[in-house]
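Participant: What follows is the file query_35.cif, containing mmCIF, C-alpha atoms:
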```
data_coords
#
loop_
_atom_site.label_atom_id
_atom_site.label_comp_id
_atom_site.auth_asym_id
_atom_site.auth_seq_id
_atom_site.Cartn_x
_atom_site.Cartn_y
_atom_site.Cartn_z
CA MET C 1 6.47 140.43 -116.52
CA LYS C 2 9.01 142.21 -118.66
CA PHE C 3 6.91 144.15 -121.10
CA SER C 4 8.37 145.95 -124.07
CA CYS C 5 6.25 147.59 -126.69
CA ASP C 6 7.01 150.05 -129.46
CA ILE C 7 4.19 150.02 -131.95
CA THR C 8 2.20 152.13 -134.36
CA LEU C 9 -1.29 151.28 -135.49
CA CYS C 10 -3.23 153.37 -138.02
CA LEU C 11 -7.01 153.07 -137.92
CA GLY C 12 -8.32 155.55 -140.47
CA THR C 13 -7.64 158.99 -139.04
CA PHE C 14 -6.78 157.57 -135.59
CA GLN C 15 -3.17 156.67 -134.94
CA LEU C 16 -2.01 154.71 -131.92
CA GLU C 17 1.64 155.13 -130.96
CA VAL C 18 2.80 153.45 -127.79
CA ALA C 19 6.35 152.87 -126.62
CA ASP C 20 7.09 151.56 -123.14
CA CYS C 21 9.41 149.13 -121.44
CA CYS C 22 8.86 147.96 -117.89
CA ASP C 23 9.06 145.08 -115.45
CA VAL C 24 5.77 144.82 -113.58
CA ARG C 25 3.25 142.42 -112.07
CA ALA C 26 0.38 144.38 -113.53
CA LEU C 27 0.26 147.28 -115.93
CA GLY C 28 -2.66 149.68 -115.79
CA LEU C 29 -4.00 151.53 -118.80
CA VAL C 30 -6.06 154.64 -118.23
CA GLY C 31 -7.45 157.32 -120.50
CA ALA C 32 -10.66 158.67 -121.89
CA SER C 33 -12.86 156.63 -124.21
CA GLY C 34 -11.30 156.47 -127.66
CA SER C 35 -7.76 157.01 -126.36
CA GLY C 36 -6.61 153.64 -127.72
CA LYS C 37 -6.64 151.40 -124.61
CA THR C 38 -8.74 148.62 -126.15
CA SER C 39 -6.81 148.81 -129.44
CA LEU C 40 -3.58 148.31 -127.50
CA LEU C 41 -5.01 145.24 -125.74
CA GLU C 42 -6.15 143.86 -129.10
CA LEU C 43 -2.65 144.34 -130.51
CA ILE C 44 -1.13 142.46 -127.59
CA ALA C 45 -3.71 139.65 -127.89
CA GLY C 46 -3.02 139.37 -131.61
CA LEU C 47 -6.49 140.44 -132.71
CA ARG C 48 -4.96 143.32 -134.65
CA ALA C 49 -1.63 143.64 -136.38
CA PRO C 50 0.45 146.78 -135.86
CA ASP C 51 1.55 148.75 -138.91
CA ARG C 52 5.00 149.10 -137.41
CA GLY C 53 6.99 147.99 -134.40
CA SER C 54 7.21 145.10 -131.99
CA ILE C 55 5.80 143.69 -128.76
CA VAL C 56 8.00 141.52 -126.53
CA ILE C 57 6.85 139.93 -123.29
CA ASP C 58 9.31 138.15 -121.02
CA GLY C 59 11.77 137.90 -123.87
CA ARG C 60 9.24 136.30 -126.21
CA VAL C 61 8.68 138.26 -129.40
CA LEU C 62 4.94 138.26 -130.08
CA VAL C 63 5.11 140.51 -133.09
CA ASP C 64 7.92 142.26 -134.90
CA ARG C 65 7.03 143.80 -138.23
CA ASP C 66 10.64 144.40 -139.28
CA ALA C 67 11.64 140.80 -138.57
CA GLY C 68 8.40 139.44 -140.05
CA VAL C 69 7.47 137.72 -136.78
CA SER C 70 3.87 137.36 -135.67
CA VAL C 71 2.81 134.67 -133.23
CA THR C 72 -0.77 133.60 -133.95
CA THR C 73 -3.44 134.54 -131.44
CA ALA C 74 -4.00 130.91 -130.47
CA HIS C 75 -0.32 130.41 -129.66
CA ARG C 76 0.21 133.57 -127.63
CA ARG C 77 -1.44 132.18 -124.48
CA ILE C 78 -2.78 135.62 -123.72
CA ALA C 79 -6.33 135.53 -122.41
CA TYR C 80 -8.50 138.54 -123.09
CA VAL C 81 -11.56 139.54 -121.12
CA PRO C 82 -13.33 142.21 -123.15
CA GLN C 83 -15.70 144.83 -121.77
CA ASP C 84 -18.77 142.99 -123.01
CA ALA C 85 -17.53 139.58 -121.77
CA LEU C 86 -18.43 137.96 -125.11
CA LEU C 87 -19.53 134.67 -123.65
CA PHE C 88 -20.35 132.17 -126.38
CA PRO C 89 -24.14 132.50 -126.55
CA HIS C 90 -24.82 128.96 -127.78
CA LEU C 91 -22.97 127.33 -124.90
CA THR C 92 -23.85 126.98 -121.23
CA VAL C 93 -21.76 128.65 -118.54
CA ARG C 94 -20.05 125.31 -117.85
CA GLN C 95 -19.20 124.87 -121.55
CA ASN C 96 -17.93 128.45 -121.73
CA VAL C 97 -15.50 128.08 -118.85
CA ASP C 98 -14.36 124.71 -120.18
CA TYR C 99 -13.78 126.02 -123.71
CA GLY C 100 -10.10 126.87 -123.36
CA ARG C 101 -9.38 124.64 -120.38
CA GLN C 102 -5.76 123.62 -119.97
CA ASP C 103 -4.60 121.02 -117.49
CA ARG C 104 -1.60 123.18 -116.65
CA SER C 105 -3.90 125.87 -115.25
CA VAL C 106 -2.31 127.37 -112.16
CA LEU C 107 -5.62 127.30 -110.33
CA SER C 108 -7.69 124.21 -109.81
CA GLU C 109 -11.26 124.20 -111.04
CA ALA C 110 -12.52 124.25 -107.46
CA GLU C 111 -10.38 127.28 -106.66
CA ILE C 112 -11.57 129.26 -109.66
CA VAL C 113 -15.21 128.29 -109.07
CA SER C 114 -14.97 129.28 -105.43
CA LEU C 115 -12.99 132.45 -106.12
CA LEU C 116 -15.59 133.74 -108.56
CA GLU C 117 -18.60 132.16 -106.86
CA LEU C 118 -19.59 130.33 -109.99
CA ASP C 119 -21.17 127.20 -108.57
CA PRO C 120 -24.81 128.25 -108.99
CA LEU C 121 -24.11 129.67 -112.45
CA LEU C 122 -22.51 126.63 -114.07
CA PRO C 123 -25.65 124.86 -115.35
CA ARG C 124 -27.26 128.06 -116.58
CA GLY C 125 -27.48 129.40 -120.11
CA VAL C 126 -25.53 132.54 -120.91
CA GLY C 127 -28.72 134.45 -121.64
CA GLU C 128 -29.85 134.03 -118.02
CA LEU C 129 -26.89 135.89 -116.52
CA SER C 130 -26.68 139.47 -115.27
CA GLY C 131 -23.89 141.78 -116.47
CA GLY C 132 -21.77 141.10 -113.39
CA GLU C 133 -22.27 137.37 -113.63
CA ARG C 134 -21.21 137.44 -117.27
CA GLN C 135 -17.99 139.19 -116.35
CA ARG C 136 -17.24 136.65 -113.62
CA VAL C 137 -17.78 133.81 -116.08
CA ALA C 138 -15.56 135.54 -118.66
CA LEU C 139 -12.84 135.86 -116.03
CA ALA C 140 -13.16 132.19 -115.11
CA ARG C 141 -13.00 131.20 -118.78
CA ALA C 142 -9.80 133.21 -119.17
CA LEU C 143 -8.20 131.74 -116.02
CA PHE C 144 -9.04 128.16 -117.05
CA SER C 145 -6.97 128.65 -120.20
CA ALA C 146 -3.77 128.94 -118.11
CA PRO C 147 -2.66 132.21 -119.67
CA CYS C 148 0.84 133.67 -119.52
CA LEU C 149 -0.79 137.08 -119.44
CA LEU C 150 -4.30 138.27 -118.64
CA LEU C 151 -5.74 141.25 -120.50
CA LEU C 152 -8.65 142.78 -118.66
CA ASP C 153 -10.71 145.50 -120.31
CA GLU C 154 -12.88 147.12 -117.65
CA PRO C 155 -13.73 143.73 -116.17
CA LEU C 156 -15.65 145.15 -113.22
CA ALA C 157 -17.62 147.85 -115.01
CA ALA C 158 -20.86 145.84 -114.88
CA VAL C 159 -20.23 144.18 -111.51
CA ASP C 160 -22.09 145.26 -108.37
CA LEU C 161 -20.11 146.69 -105.45
CA PRO C 162 -19.87 143.64 -103.12
CA HIS C 163 -18.79 141.38 -105.97
CA ARG C 164 -16.45 144.06 -107.27
CA ARG C 165 -14.45 144.05 -104.03
CA ARG C 166 -14.29 140.27 -103.92
CA ILE C 167 -13.24 139.92 -107.55
CA LEU C 168 -10.62 142.64 -107.16
CA GLU C 169 -9.17 140.73 -104.21
CA ALA C 170 -9.27 137.55 -106.28
CA LEU C 171 -7.42 139.26 -109.14
CA ILE C 172 -4.75 140.49 -106.76
CA ASP C 173 -4.47 136.92 -105.51
CA VAL C 174 -4.10 135.63 -109.08
CA ARG C 175 -1.43 138.26 -109.71
CA ASP C 176 0.59 137.66 -106.54
CA ARG C 177 0.05 134.08 -105.45
CA LEU C 178 -0.07 132.57 -108.91
CA GLY C 179 2.18 135.04 -110.65
CA VAL C 180 -0.13 135.61 -113.61
CA PRO C 181 0.72 139.07 -114.88
CA MET C 182 -2.02 141.30 -116.19
CA ILE C 183 -2.75 144.42 -118.15
CA TYR C 184 -5.73 146.15 -116.65
CA VAL C 185 -7.90 148.80 -118.28
CA ALA C 186 -10.35 150.73 -116.13
CA HIS C 187 -11.87 154.14 -115.69
CA ALA C 188 -12.02 153.74 -111.91
CA ALA C 189 -8.72 154.98 -110.48
CA ASP C 190 -9.08 152.98 -107.24
CA GLU C 191 -9.31 149.72 -109.20
CA VAL C 192 -6.20 150.49 -111.23
CA ARG C 193 -4.34 151.63 -108.13
CA ALA C 194 -5.21 148.38 -106.36
CA ILE C 195 -4.04 146.16 -109.21
CA ALA C 196 -1.33 147.93 -111.18
CA ASP C 197 2.28 148.67 -110.25
CA ARG C 198 2.70 150.91 -113.24
CA VAL C 199 0.26 152.95 -115.24
CA LEU C 200 0.25 154.27 -118.79
CA SER C 201 -2.07 157.15 -119.40
CA LEU C 202 -3.20 157.40 -123.00
CA ASP C 203 -4.73 160.33 -124.80
CA ARG C 204 -5.74 160.25 -128.46
CA GLY C 205 -3.47 157.31 -129.18
CA ARG C 206 -0.37 158.58 -127.39
CA VAL C 207 1.20 157.94 -123.99
CA VAL C 208 0.92 161.21 -122.10
CA ALA C 209 2.13 159.92 -118.73
CA ALA C 210 3.81 156.78 -117.48
CA GLY C 211 4.99 155.77 -114.06
CA PRO C 212 4.03 154.18 -110.74
CA ALA C 213 0.30 154.01 -110.15
CA SER C 214 0.65 156.05 -106.96
CA THR C 215 2.18 158.91 -108.94
CA ILE C 216 0.04 158.84 -112.08
CA LEU C 217 -3.27 158.35 -110.27
CA MET C 218 -2.81 160.85 -107.49
CA MET B 219 -54.08 113.87 -164.93
CA THR B 220 -54.57 111.54 -161.95
CA PRO B 221 -53.95 112.66 -158.36
CA GLU B 222 -51.10 110.14 -158.33
CA SER B 223 -49.44 112.08 -161.16
CA VAL B 224 -49.73 115.34 -159.20
CA TRP B 225 -48.13 113.70 -156.18
CA GLN B 226 -45.52 112.05 -158.33
CA ILE B 227 -44.50 115.40 -159.84
CA ALA B 228 -44.62 117.15 -156.45
CA LEU B 229 -42.55 114.45 -154.77
CA PHE B 230 -40.04 114.29 -157.59
CA THR B 231 -39.62 118.08 -157.51
CA ALA B 232 -39.31 118.20 -153.71
CA ALA B 233 -36.84 115.29 -153.68
CA SER B 234 -34.77 116.89 -156.44
CA ALA B 235 -34.80 120.22 -154.58
CA VAL B 236 -33.67 118.50 -151.38
CA GLY B 237 -30.90 116.75 -153.33
CA ALA B 238 -29.84 120.03 -154.96
CA THR B 239 -29.76 121.81 -151.59
CA ALA B 240 -27.72 118.99 -150.05
CA LEU B 241 -25.35 119.14 -153.00
CA VAL B 242 -24.60 122.85 -152.57
CA LEU B 243 -24.67 122.99 -148.76
CA VAL B 244 -21.02 122.24 -148.03
CA PRO B 245 -19.48 124.14 -150.96
CA GLY B 246 -21.95 126.98 -150.43
CA VAL B 247 -21.02 127.38 -146.75
CA ALA B 248 -17.32 127.17 -147.62
CA VAL B 249 -17.61 129.86 -150.32
CA ALA B 250 -19.75 132.06 -148.04
CA TRP B 251 -17.15 131.78 -145.28
CA ALA B 252 -14.28 132.49 -147.68
CA LEU B 253 -16.07 135.57 -149.04
CA ALA B 254 -16.95 136.81 -145.55
CA ARG B 255 -13.56 136.24 -143.93
CA GLY B 256 -11.02 135.67 -146.65
CA ARG B 257 -8.63 138.18 -148.11
CA PHE B 258 -7.47 136.76 -151.39
CA ARG B 259 -6.74 137.90 -154.87
CA GLY B 260 -9.71 137.52 -157.18
CA LYS B 261 -12.27 137.74 -154.38
CA ALA B 262 -14.36 140.23 -156.37
CA VAL B 263 -14.35 137.88 -159.35
CA VAL B 264 -15.43 134.90 -157.23
CA ASP B 265 -18.15 137.03 -155.65
CA THR B 266 -19.41 138.06 -159.09
CA LEU B 267 -19.30 134.52 -160.46
CA VAL B 268 -21.32 133.27 -157.49
CA THR B 269 -23.96 135.93 -158.11
CA LEU B 270 -24.16 135.38 -161.88
CA PRO B 271 -26.86 132.67 -161.87
CA MET B 272 -29.16 135.15 -160.13
CA VAL B 273 -28.90 137.70 -162.94
CA VAL B 274 -28.13 135.74 -166.09
CA PRO B 275 -31.27 134.41 -167.82
CA PRO B 276 -31.86 130.88 -166.46
CA VAL B 277 -32.06 129.55 -170.01
CA ALA B 278 -28.53 130.88 -170.60
CA THR B 279 -27.34 129.14 -167.42
CA GLY B 280 -29.01 125.99 -168.72
CA LEU B 281 -27.14 126.29 -172.04
CA LEU B 282 -23.84 126.67 -170.16
CA LEU B 283 -24.64 123.56 -168.12
CA LEU B 284 -25.64 121.71 -171.30
CA TRP B 285 -22.22 122.48 -172.70
CA ALA B 286 -20.36 121.78 -169.43
CA VAL B 287 -21.73 118.27 -168.92
CA GLY B 288 -22.20 117.49 -172.61
CA PRO B 289 -19.71 115.46 -174.68
CA GLU B 290 -17.80 118.59 -175.72
CA GLY B 291 -17.71 120.18 -172.29
CA PRO B 292 -15.04 119.99 -169.57
CA ALA B 293 -16.96 117.43 -167.48
CA GLY B 294 -18.24 115.41 -170.46
CA PRO B 295 -15.29 112.99 -170.98
CA SER B 296 -14.99 112.21 -167.23
CA LEU B 297 -18.71 111.54 -166.95
CA ALA B 298 -18.58 109.34 -170.05
CA THR B 299 -15.63 107.37 -168.61
CA LEU B 300 -17.56 106.80 -165.41
CA GLY B 301 -20.63 105.82 -167.42
CA ILE B 302 -22.76 108.56 -165.91
CA ASP B 303 -25.56 109.99 -168.03
CA VAL B 304 -26.60 113.42 -166.85
CA LEU B 305 -28.46 115.18 -169.64
CA PHE B 306 -32.23 114.65 -169.67
CA THR B 307 -32.15 112.58 -166.48
CA TRP B 308 -33.04 113.39 -162.85
CA LYS B 309 -29.36 114.22 -162.33
CA ALA B 310 -29.68 117.13 -164.75
CA VAL B 311 -32.73 118.36 -162.83
CA VAL B 312 -30.77 118.30 -159.56
CA LEU B 313 -27.76 119.96 -161.20
CA ALA B 314 -29.81 122.82 -162.64
CA MET B 315 -31.60 123.35 -159.34
CA ALA B 316 -28.31 123.31 -157.45
CA VAL B 317 -26.68 125.90 -159.68
CA MET B 318 -29.68 128.22 -159.47
CA GLY B 319 -30.02 127.90 -155.69
CA PHE B 320 -26.30 128.26 -154.94
CA PRO B 321 -26.15 132.10 -154.95
CA LEU B 322 -29.04 132.40 -152.51
CA LEU B 323 -27.39 130.04 -150.04
CA VAL B 324 -24.03 131.79 -150.34
CA ARG B 325 -25.40 135.31 -149.94
CA THR B 326 -27.55 134.50 -146.91
CA ALA B 327 -24.89 132.44 -145.14
CA ARG B 328 -22.26 135.08 -145.88
CA ALA B 329 -24.38 137.77 -144.24
CA GLY B 330 -24.58 135.53 -141.16
CA PHE B 331 -20.81 135.10 -141.01
CA GLU B 332 -20.26 138.82 -141.46
CA GLN B 333 -22.75 139.95 -138.83
CA GLN B 334 -22.35 137.61 -135.96
CA THR B 335 -19.35 135.54 -135.46
CA LEU B 336 -16.08 137.47 -135.79
CA ARG B 337 -15.55 138.72 -132.21
CA TYR B 338 -16.56 135.39 -130.69
CA GLU B 339 -14.08 133.69 -133.00
CA GLN B 340 -11.36 136.05 -131.83
CA ILE B 341 -12.07 135.29 -128.18
CA ALA B 342 -11.99 131.56 -128.93
CA GLU B 343 -8.56 132.01 -130.53
CA THR B 344 -7.25 133.83 -127.46
CA LEU B 345 -8.29 130.74 -125.50
CA GLY B 346 -5.92 128.67 -127.63
CA ALA B 347 -8.44 127.15 -130.06
CA SER B 348 -7.16 126.20 -133.51
CA ARG B 349 -8.80 127.71 -136.59
CA TRP B 350 -10.61 124.44 -137.33
CA ARG B 351 -11.90 124.16 -133.76
CA VAL B 352 -13.07 127.78 -133.88
CA PHE B 353 -14.86 127.12 -137.16
CA THR B 354 -16.62 123.97 -135.99
CA THR B 355 -17.45 125.01 -132.42
CA ILE B 356 -18.08 128.75 -132.75
CA THR B 357 -18.51 129.89 -136.35
CA LEU B 358 -20.80 127.16 -137.64
CA PRO B 359 -23.13 126.95 -134.61
CA LEU B 360 -23.49 130.74 -134.46
CA ALA B 361 -24.18 130.94 -138.18
CA ALA B 362 -26.51 127.92 -138.15
CA ARG B 363 -29.67 130.00 -138.53
CA PRO B 364 -28.47 132.11 -141.47
CA ILE B 365 -27.11 128.94 -143.08
CA GLY B 366 -30.47 127.23 -142.52
CA ALA B 367 -32.28 130.27 -143.91
CA GLY B 368 -30.02 130.25 -146.97
CA ALA B 369 -30.52 126.53 -147.50
CA LEU B 370 -34.29 126.96 -147.36
CA LEU B 371 -34.13 129.84 -149.85
CA ALA B 372 -32.03 127.66 -152.16
CA PHE B 373 -34.59 124.88 -151.71
CA ALA B 374 -37.46 127.26 -152.51
CA ARG B 375 -35.61 128.55 -155.57
CA ALA B 376 -34.99 124.96 -156.67
CA LEU B 377 -38.70 124.15 -156.34
CA GLY B 378 -39.56 126.88 -158.84
CA GLU B 379 -36.62 126.35 -161.17
CA PHE B 380 -37.67 126.25 -164.82
CA GLY B 381 -35.38 127.86 -167.41
CA ALA B 382 -32.15 125.98 -166.77
CA THR B 383 -33.97 122.71 -166.02
CA ILE B 384 -35.93 122.68 -169.26
CA VAL B 385 -32.70 123.08 -171.25
CA VAL B 386 -30.63 120.35 -169.55
CA ALA B 387 -33.37 117.96 -168.45
CA GLY B 388 -36.40 118.71 -170.59
CA SER B 389 -39.87 117.92 -169.23
CA ILE B 390 -40.19 114.19 -169.68
CA PRO B 391 -43.30 112.85 -167.89
CA GLY B 392 -42.36 110.44 -165.14
CA ARG B 393 -38.64 111.17 -165.55
CA THR B 394 -37.72 114.85 -165.42
CA ARG B 395 -41.03 116.69 -165.18
CA THR B 396 -41.03 119.15 -162.28
CA LEU B 397 -43.74 121.40 -160.88
CA ALA B 398 -42.57 124.35 -162.98
CA SER B 399 -42.12 122.44 -166.22
CA GLY B 400 -45.41 120.60 -165.53
CA ILE B 401 -47.32 123.88 -165.16
CA TYR B 402 -45.80 125.08 -168.43
CA ALA B 403 -46.58 121.84 -170.27
CA PHE B 404 -50.18 121.65 -169.04
CA THR B 405 -50.83 125.30 -169.85
CA GLU B 406 -49.44 124.81 -173.35
CA THR B 407 -51.71 121.83 -173.97
CA GLY B 408 -54.80 123.45 -172.47
CA GLN B 409 -54.90 121.25 -169.35
CA ASP B 410 -55.67 124.26 -167.20
CA ARG B 411 -57.09 122.32 -164.24
CA ASP B 412 -53.93 120.26 -163.93
CA ALA B 413 -51.80 123.37 -164.28
CA VAL B 414 -53.75 125.08 -161.48
CA LEU B 415 -53.37 121.99 -159.29
CA LEU B 416 -49.59 122.02 -159.72
CA LEU B 417 -49.61 125.78 -159.21
CA GLY B 418 -51.31 125.31 -155.83
CA VAL B 419 -48.78 122.70 -154.73
CA SER B 420 -45.91 124.95 -155.90
CA VAL B 421 -47.17 127.96 -154.01
CA ALA B 422 -47.82 125.94 -150.83
CA LEU B 423 -44.35 124.38 -150.81
CA ALA B 424 -42.57 127.63 -151.64
CA PHE B 425 -44.64 129.57 -149.09
CA GLY B 426 -43.68 127.14 -146.32
CA ALA B 427 -39.99 127.18 -147.23
CA VAL B 428 -39.75 130.98 -147.46
CA LEU B 429 -41.78 131.45 -144.27
CA VAL B 430 -39.43 129.23 -142.24
CA SER B 431 -36.40 130.83 -143.91
CA ASN B 432 -37.60 134.31 -142.94
CA GLN B 433 -38.23 133.20 -139.37
CA LEU B 434 -34.72 131.78 -139.13
CA SER B 435 -33.25 135.02 -140.52
CA GLU B 436 -35.33 137.05 -138.06
CA ARG B 437 -34.14 134.99 -135.09
CA ALA B 438 -30.54 135.25 -136.24
CA ARG B 439 -30.62 139.05 -135.98
#
```
Kindly transcribe the structure held in the file into structure tokens.

Facilitator:
Amino acid sequence: MKFSCDITLCLGTFQLEVADCCDVRALGLVGASGSGKTSLLELIAGLRAPDRGSIVIDGRVLVDRDAGVSVTTAHRRIAYVPQDALLFPHLTVRQNVDYGRQDRSVLSEAEIVSLLELDPLLPRGVGELSGGERQRVALARALFSAPCLLLLDEPLAAVDLPHRRRILEALIDVRDRLGVPMIYVAHAADEVRAIADRVLSLDRGRVVAAGPASTILM
Amino acid sequence: MTPESVWQIALFTAASAVGATALVLVPGVAVAWALARGRFRGKAVVDTLVTLPMVVPPVATGLLLLWAVGPEGPAGPSLATLGIDVLFTWKAVVLAMAVMGFPLLVRTARAGFEQQTLRYEQIAETLGASRWRVFTTITLPLAARPIGAGALLAFARALGEFGATIVVAGSIPGRTRTLASGIYAFTETGQDRDAVLLLGVSVALAFGAVLVSNQLSERAR
């Protein structure tokens, strides 16, 4: 993924200013709470509009304020897994994962179901799931939509340790075998190190360090 | 008054209130959604206009309706061309009830849209869903309880509607007499027992509607 971003977003007294250009399989975002990681993901997904600047991924301009370009969220093909999973509460697990299903999905249904161990969860209601199960379903829902880019906001925060390892391996598989690039936000350095080639460290809305994960997360 | 007359008035009022609620349901939900989500010029004016029937004296609202659907009003010529008589018919009763219940539906449904659905809608969009698909599969189902609560409040308001109804529809026995106008008419003519009977039916119907509406609002939180 060739990722180029030079944006400013003003949210009241908070100002997010991020400029970076890189060619990576997965980009990690680290920083304290309130440093702007989630806001940056929301800008890339199209859930917020920057006040200034542009975001270009693999040569495709997603937003460019000067040129008046803004691809709608639905047309970006960027799946977003938020911290709280946000499964649709009125739908079953099966209906959730099917919601954005695309036939061109790089993984078959069986592969995704097996990868995330979803089989016993599919007939259940969303309200019956644990935090970790919700995150696995949210990941499956995102993968079924055949995204060009996967945005993951602390996807393993609520997942227990055995599942965490397995899902991390699955994400690496998705990244490498299927070539789905991702932007990964996490507090746990080992997770980011395992997934990301490059890391941006944010502090109060600004990039304070950028470089290979092995260097930034020493 | 015979028991049949009590039932006739109660049924007519309930049927008119159901008709009025059905009439405002789609436009009410659309306006509530536009006010909750939309960013458009004149939003404050639309919001104020929607609220007006709640604060303007109902008799004044009735006079405005009388003008609007009368021969001199904006809708008068079209209605005349179509051969539709509104004033002092059941249609006027439904119209008055609809106008008076509209703000309650809009305000309750709007609160539902504002509180619950936005982030789910955003996730649905990231999954490639069109705006219409998001609205029909995420927004509406998630806001179903507040919309239901609002519809029941509008229905309850319609059941008790008096001021606007009496102006545009009168209180014609067997034709436009409702629970509220019946209570008034019987009290005026000293038929206190009949008035109390209608009062009991009114309170029972309104109590049931508001109770269910409150339960729906509670579950939606």

Participant: Given the file above and the PyMOL selection byres ((chain C) within 10 of (chain B)), which residues are selected, and can you give them as a PyMOL selection string?

Facilitator: chain C and resi 42+45-47+72-82+85-91+96+99-102+141-147

Participant: Check what the PyMOL selection byres ((chain C and resi 20-24) around 9) selects in the file above and give those residues as a CSV table (one decimal) with C-alpha atoms, keeping the file's coordinate frame.

Facilitator:
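Saved the output as out24.csv:
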```csv
chain,number,residue,atom,x,y,z
C,1,MET,CA,6.5,140.4,-116.5
C,2,LYS,CA,9.0,142.2,-118.7
C,3,PHE,CA,6.9,144.2,-121.1
C,4,SER,CA,8.4,146.0,-124.1
C,5,CYS,CA,6.2,147.6,-126.7
C,6,ASP,CA,7.0,150.0,-129.5
C,18,VAL,CA,2.8,153.4,-127.8
C,19,ALA,CA,6.4,152.9,-126.6
C,25,ARG,CA,3.2,142.4,-112.1
C,26,ALA,CA,0.4,144.4,-113.5
C,27,LEU,CA,0.3,147.3,-115.9
C,58,ASP,CA,9.3,138.2,-121.0
C,181,PRO,CA,0.7,139.1,-114.9
C,182,MET,CA,-2.0,141.3,-116.2
C,196,ALA,CA,-1.3,147.9,-111.2
C,197,ASP,CA,2.3,148.7,-110.2
C,198,ARG,CA,2.7,150.9,-113.2
C,200,LEU,CA,0.2,154.3,-118.8
C,207,VAL,CA,1.2,157.9,-124.0
C,210,ALA,CA,3.8,156.8,-117.5
```

Participant: Could you tell me how far atom CA of Gly392 of chain B sits from atom CA of Ser223 of chain B, in Å to one decimal place?

Facilitator: 8.3 Å

Participant: Give me, as a list in words, all polymer residues having an atom no more than 10 Å from segment 304-308 of chain B, counting only C-alpha atoms and skipping those fewer than 5 positions away in the same chain.

Facilitator: Phe230, Thr231, Ser234, Leu283, Leu284, Val287, Gly288, Gly294, Leu297, Ala298, Leu313, Ala314, Thr383, Ile384, Val385, Val386, Ala387, Gly388, Ser389, Ile390, Arg393, Thr394, Arg395 and Thr396 of chain B

Participant: Once the PyMOL selection byres ((chain B and resi 403) around 12) has been applied to the shown file, what residues remain in the selection, as a list in words?

Facilitator: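 This file, filtered by the PyMOL selection byres ((chain B and resi 403) around 12), leaves Phe380, Ile384, Gly388, Ser389, Ile390, Pro391, Arg395, Thr396, Leu397, Ala398, Ser399, Gly400, Ile401, Tyr402, Phe404, Thr405, Glu406, Thr407, Gly408, Gln409, Asp410, Asp412, Ala413, Val414 and Leu416 of chain B.
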
Participant: With C-alpha atoms retained, could you export that selection as an mmCIF file, in the frame of the given file?

Facilitator:
```cif
data_model
loop_
_atom_site.group_PDB
_atom_site.id
_atom_site.type_symbol
_atom_site.label_atom_id
_atom_site.label_comp_id
_atom_site.auth_asym_id
_atom_site.auth_seq_id
_atom_site.Cartn_x
_atom_site.Cartn_y
_atom_site.Cartn_z
ATOM 1 C CA PHE B 380 -37.670 126.250 -164.820
ATOM 2 C CA ILE B 384 -35.930 122.680 -169.260
ATOM 3 C CA GLY B 388 -36.400 118.710 -170.590
ATOM 4 C CA SER B 389 -39.870 117.920 -169.230
ATOM 5 C CA ILE B 390 -40.190 114.190 -169.680
ATOM 6 C CA PRO B 391 -43.300 112.850 -167.890
ATOM 7 C CA ARG B 395 -41.030 116.690 -165.180
ATOM 8 C CA THR B 396 -41.030 119.150 -162.280
ATOM 9 C CA LEU B 397 -43.740 121.400 -160.880
ATOM 10 C CA ALA B 398 -42.570 124.350 -162.980
ATOM 11 C CA SER B 399 -42.120 122.440 -166.220
ATOM 12 C CA GLY B 400 -45.410 120.600 -165.530
ATOM 13 C CA ILE B 401 -47.320 123.880 -165.160
ATOM 14 C CA TYR B 402 -45.800 125.080 -168.430
ATOM 15 C CA PHE B 404 -50.180 121.650 -169.040
ATOM 16 C CA THR B 405 -50.830 125.300 -169.850
ATOM 17 C CA GLU B 406 -49.440 124.810 -173.350
ATOM 18 C CA THR B 407 -51.710 121.830 -173.970
ATOM 19 C CA GLY B 408 -54.800 123.450 -172.470
ATOM 20 C CA GLN B 409 -54.900 121.250 -169.350
ATOM 21 C CA ASP B 410 -55.670 124.260 -167.200
ATOM 22 C CA ASP B 412 -53.930 120.260 -163.930
ATOM 23 C CA ALA B 413 -51.800 123.370 -164.280
ATOM 24 C CA VAL B 414 -53.750 125.080 -161.480
ATOM 25 C CA LEU B 416 -49.590 122.020 -159.720
#
```

Participant: Which residues are close to Pro245 of chain B, i.e. within 12 Å by all atoms listed in the file, leaving aside same-chain residues fewer than 3 positions away? Reply as JSON, numbers by chain.

Facilitator: {"B": [238, 239, 240, 241, 242, 248, 249, 250, 251, 252, 268, 316, 317, 320, 321, 323, 324, 327, 365, 369]}

Participant: For a test of reading the model, state the distance in Å between atom CA of Ser431 of chain B and atom CA of Thr269 of chain B, rounded to one decimal.

Facilitator: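 Computing the Euclidean distance for atom CA of Ser431 of chain B and atom CA of Thr269 of chain B yields 19.6 Å.
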
Participant: For a test of reading the model, state the distance in Å between atom CA of Thr326 of chain B and atom CA of Ser435 of chain B, rounded to one decimal.

Facilitator: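 Calculated distance between atom CA of Thr326 of chain B and atom CA of Ser435 of chain B is 8.6 Å.
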
Participant: Within 6 Å of Val126 of chain C, counting all atoms listed in the file, which residues qualify if same-chain residues fewer than 3 places away don't, as number ranges by chain?

Facilitator: C: 89, 92-93, 129

Participant: With only C-alpha atoms as the basis for distance, which of C:Gly31, C:Ala140, C:Val56, C:Val71 is at the shortest distance from Asp98 of chain C?

Facilitator: C:Ala140

Participant: Residues of segment 42-146 of chain C that have any atom at most 8 Å from an atom of segment 160-175 of chain C: could you tabulate them with the shortest-distance atom pair and the distance in Å to one decimal, using all atoms listed in the file, ordered by chain and increasing number, as JSON lines?

Facilitator:
```
{"residue": "C:Leu115", "atom": "CA", "partner": "C:Ala170", "partner_atom": "CA", "distance": 6.3}
{"residue": "C:Leu116", "atom": "CA", "partner": "C:Ile167", "partner_atom": "CA", "distance": 6.7}
{"residue": "C:Gly132", "atom": "CA", "partner": "C:Asp160", "partner_atom": "CA", "distance": 6.5}
{"residue": "C:Arg136", "atom": "CA", "partner": "C:Ile167", "partner_atom": "CA", "distance": 8.0}
```
